[in-house]
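Chemist: The structure under discussion is supplied below as structure tokens; questions concerning it will follow.
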Amino acid sequence: MANTFSQIYLQFVFAVKDRYSLISKNNKEELHKYITALIQNRGIKLLAVNCMPDHIHIFVGFKPNLLISDFAKEIKVESNEFINSKGWVKGKFKWQEGYGVFSYSQSHIDSVIKYIQNQEIHHQKRTFKQEYLELLEKFEIPFEEKYLFDFIE
């Protein structure tokens with residue numbers, strides 16, 4: 001889009017269906033590379049990606065001509081297919097329905113990147129459930145517990 005200028009930084013968080021720990025350390029880097037390519041092929045700038053066994057954080061410089069929901073769906077569907085084609089899990093891998101998306105200003109980029117890169121350290125002190133609740137509270141996002149706990153239990 002000519003003459004369109006934007007500054008949109010979004011962090012996406014997806015959980016593995018039923019919160020199973022299915023993303024192994026052995027496959028993590030290959031999955032990161034695949035997701036990086038998916039994102040870059042859409043003309044989006046990847047700032048950070050990090051998989052934990054039961055969830056993933058993706059931080060991007062987003063484009064205003066894309067729908068957030070379409071982007072999240074495409075990344076989830078295509079990475080599901082990739083993981084299943086690799087046979088990394090018994091049965092069928094799938095991300096849970098829904099996702100978290102959080103916006104940041106340019107002044108927060110470095111701290112968000114460091115936060116995502118240090119997920120292993122963060123999760124020595126707090127669970128994914130605690131982390132996710134903190135994000136919702138920090139961003140003052142209202143939620144219905146019945147849906148939230150389907151997502152993070």
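Chain labels run A, B, ... following the order of the structure tokens; each chain numbers its residues from 1, and ligands are numbered from 1 in the order shown.
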Step one, run DSSP on the backbone; step two, keep only residues of region 24-148 of chain A assigned to strand (DSSP E); then write them as a PyMOL selection string.

Modeler: chain A and resi 45-52+55-62+100-104

Chemist: Since we have the selection now, will you write its residues out, keeping C-alpha atoms, as an mmCIF file, in the first residue's frame?

Modeler:
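Produced file out_37.cif, reproduced below:
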```cif
data_model
loop_
_atom_site.group_PDB
_atom_site.id
_atom_site.type_symbol
_atom_site.label_atom_id
_atom_site.label_comp_id
_atom_site.auth_asym_id
_atom_site.auth_seq_id
_atom_site.Cartn_x
_atom_site.Cartn_y
_atom_site.Cartn_z
ATOM 1 C CA LYS A 45 9.008 -8.759 10.136
ATOM 2 C CA LEU A 46 9.677 -11.458 12.732
ATOM 3 C CA LEU A 47 11.196 -9.985 15.885
ATOM 4 C CA ALA A 48 11.219 -13.119 18.087
ATOM 5 C CA VAL A 49 9.871 -16.653 18.243
ATOM 6 C CA ASN A 50 10.236 -19.215 21.004
ATOM 7 C CA CYS A 51 8.501 -22.531 21.556
ATOM 8 C CA MET A 52 8.018 -24.112 24.912
ATOM 9 C CA HIS A 55 3.003 -23.146 23.853
ATOM 10 C CA ILE A 56 4.691 -20.641 21.559
ATOM 11 C CA HIS A 57 5.385 -16.894 21.592
ATOM 12 C CA ILE A 58 5.700 -15.013 18.298
ATOM 13 C CA PHE A 59 6.562 -11.284 18.200
ATOM 14 C CA VAL A 60 6.190 -9.431 14.906
ATOM 15 C CA GLY A 61 6.145 -6.043 13.257
ATOM 16 C CA PHE A 62 2.668 -6.343 11.730
ATOM 17 C CA GLY A 100 -3.588 -14.377 22.756
ATOM 18 C CA VAL A 101 -2.432 -11.259 20.932
ATOM 19 C CA PHE A 102 -0.896 -8.283 22.707
ATOM 20 C CA SER A 103 0.248 -4.956 21.265
ATOM 21 C CA TYR A 104 3.365 -3.019 22.229
#
```

Chemist: Mind the document's chain letters and residue numbers, and return as a PyMOL selection string the residues of region 60-92 of chain A that DSSP labels alpha helix (DSSP H).

Modeler: chain A and resi 68-86

Chemist: So which residues touch Asp54 (chain A) within 6 Å, counting only C-alpha atoms, skipping near sequence neighbours fewer than 4 positions away, as a list in words?

Modeler: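 Selected residues are Ala15, Val16, Arg19, Tyr20 and Ser21 of chain A.
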
Chemist: May I have the residues from that selection written out with all heavy atoms, as a PDB file, in the first residue's frame?

Modeler:
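The new file selection_30.pdb reads:
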```
ATOM      1  N   ALA A  15      -1.309 -22.020  22.437  1.00  0.00           N
ATOM      2  CA  ALA A  15      -1.072 -23.191  23.285  1.00  0.00           C
ATOM      3  C   ALA A  15      -1.324 -24.456  22.477  1.00  0.00           C
ATOM      4  O   ALA A  15      -2.162 -24.484  21.578  1.00  0.00           O
ATOM      5  CB  ALA A  15      -1.995 -23.170  24.498  1.00  0.00           C
ATOM      6  N   VAL A  16      -0.612 -25.511  22.824  1.00  0.00           N
ATOM      7  CA  VAL A  16      -0.848 -26.822  22.235  1.00  0.00           C
ATOM      8  C   VAL A  16      -2.203 -27.327  22.726  1.00  0.00           C
ATOM      9  O   VAL A  16      -2.558 -27.125  23.894  1.00  0.00           O
ATOM     10  CB  VAL A  16       0.280 -27.809  22.628  1.00  0.00           C
ATOM     11  CG1 VAL A  16      -0.030 -29.222  22.144  1.00  0.00           C
ATOM     12  CG2 VAL A  16       1.629 -27.323  22.093  1.00  0.00           C
ATOM     13  N   ARG A  19      -3.113 -28.613  26.114  1.00  0.00           N
ATOM     14  CA  ARG A  19      -1.926 -28.188  26.876  1.00  0.00           C
ATOM     15  C   ARG A  19      -0.920 -29.311  27.072  1.00  0.00           C
ATOM     16  O   ARG A  19      -0.182 -29.356  28.049  1.00  0.00           O
ATOM     17  CB  ARG A  19      -2.355 -27.597  28.214  1.00  0.00           C
ATOM     18  CG  ARG A  19      -3.153 -26.319  28.076  1.00  0.00           C
ATOM     19  CD  ARG A  19      -2.306 -25.083  28.033  1.00  0.00           C
ATOM     20  NE  ARG A  19      -1.578 -24.938  29.267  1.00  0.00           N
ATOM     21  CZ  ARG A  19      -0.258 -25.088  29.368  1.00  0.00           C
ATOM     22  NH1 ARG A  19       0.466 -25.345  28.325  1.00  0.00           N
ATOM     23  NH2 ARG A  19       0.339 -24.965  30.513  1.00  0.00           N
ATOM     24  N   TYR A  20      -0.878 -30.245  26.130  1.00  0.00           N
ATOM     25  CA  TYR A  20       0.120 -31.305  26.203  1.00  0.00           C
ATOM     26  C   TYR A  20       1.493 -30.744  25.863  1.00  0.00           C
ATOM     27  O   TYR A  20       1.625 -29.848  25.041  1.00  0.00           O
ATOM     28  CB  TYR A  20      -0.222 -32.443  25.243  1.00  0.00           C
ATOM     29  CG  TYR A  20      -1.455 -33.212  25.625  1.00  0.00           C
ATOM     30  CD1 TYR A  20      -2.495 -33.371  24.714  1.00  0.00           C
ATOM     31  CD2 TYR A  20      -1.586 -33.788  26.882  1.00  0.00           C
ATOM     32  CE1 TYR A  20      -3.627 -34.084  25.056  1.00  0.00           C
ATOM     33  CE2 TYR A  20      -2.717 -34.494  27.235  1.00  0.00           C
ATOM     34  CZ  TYR A  20      -3.732 -34.642  26.312  1.00  0.00           C
ATOM     35  OH  TYR A  20      -4.856 -35.347  26.655  1.00  0.00           O
ATOM     36  N   SER A  21       2.517 -31.291  26.467  1.00  0.00           N
ATOM     37  CA  SER A  21       3.904 -30.900  26.169  1.00  0.00           C
ATOM     38  C   SER A  21       4.390 -31.726  24.977  1.00  0.00           C
ATOM     39  O   SER A  21       4.959 -32.804  25.156  1.00  0.00           O
ATOM     40  CB  SER A  21       4.791 -31.131  27.399  1.00  0.00           C
ATOM     41  OG  SER A  21       4.421 -30.265  28.431  1.00  0.00           O
TER      42      SER A  21
END
```

Chemist: When you count only C-alpha atoms, which of these residues is closest to Leu135 (chain A): A:Phe71, A:Val13, A:Trp88, A:Phe93?

Modeler: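 Comparing A:Phe71, A:Val13, A:Trp88, A:Phe93 against Leu135 (chain A), the winner is A:Val13.
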
Chemist: Of the candidates A:Ser85, A:Ser79, A:Ser111, A:Gln106, which shows the shortest atom-to-atom distance to Phe14 (chain A), using only C-alpha atoms?

Modeler: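 When distances to Phe14 (chain A) are compared using only C-alpha atoms, the smallest one comes from A:Ser79.
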
Chemist: Report, in Å with one decimal, the straight-line distance from CA of Gln96 (chain A) to CA of Asp110 (chain A).

Modeler: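 According to the coordinates, CA of Gln96 (chain A) and CA of Asp110 (chain A) are separated by 28.3 Å.
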
Chemist: With a distance cut-off of 12 Å and only C-alpha atoms, select the neighbouring residues of Phe5 (chain A), excluding the residue or stretch itself and same-chain residues fewer than 5 positions from it, and output the selection as a ChimeraX atom specification.

Modeler: /A:62-65

Chemist: Grab the CA of Lys138 (chain A) to CA of Arg126 (chain A) distance for me, in Å with one decimal place.

Modeler: 15.7 Å

Chemist: Check the smallest atom-to-atom distance from each of A:Thr4, A:Lys17, A:Gln11, A:Asn26 to Lys92 (chain A) using only C-alpha atoms, then report the winner.

Modeler: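 Using only C-alpha atoms, the shortest distance to Lys92 (chain A) belongs to A:Lys17.
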
Chemist: Between CA of Leu66 (chain A) and CA of Ser107 (chain A), measure the distance and give it in Å to one decimal.

Modeler: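 CA of Leu66 (chain A) sits 23.1 Å away from CA of Ser107 (chain A).
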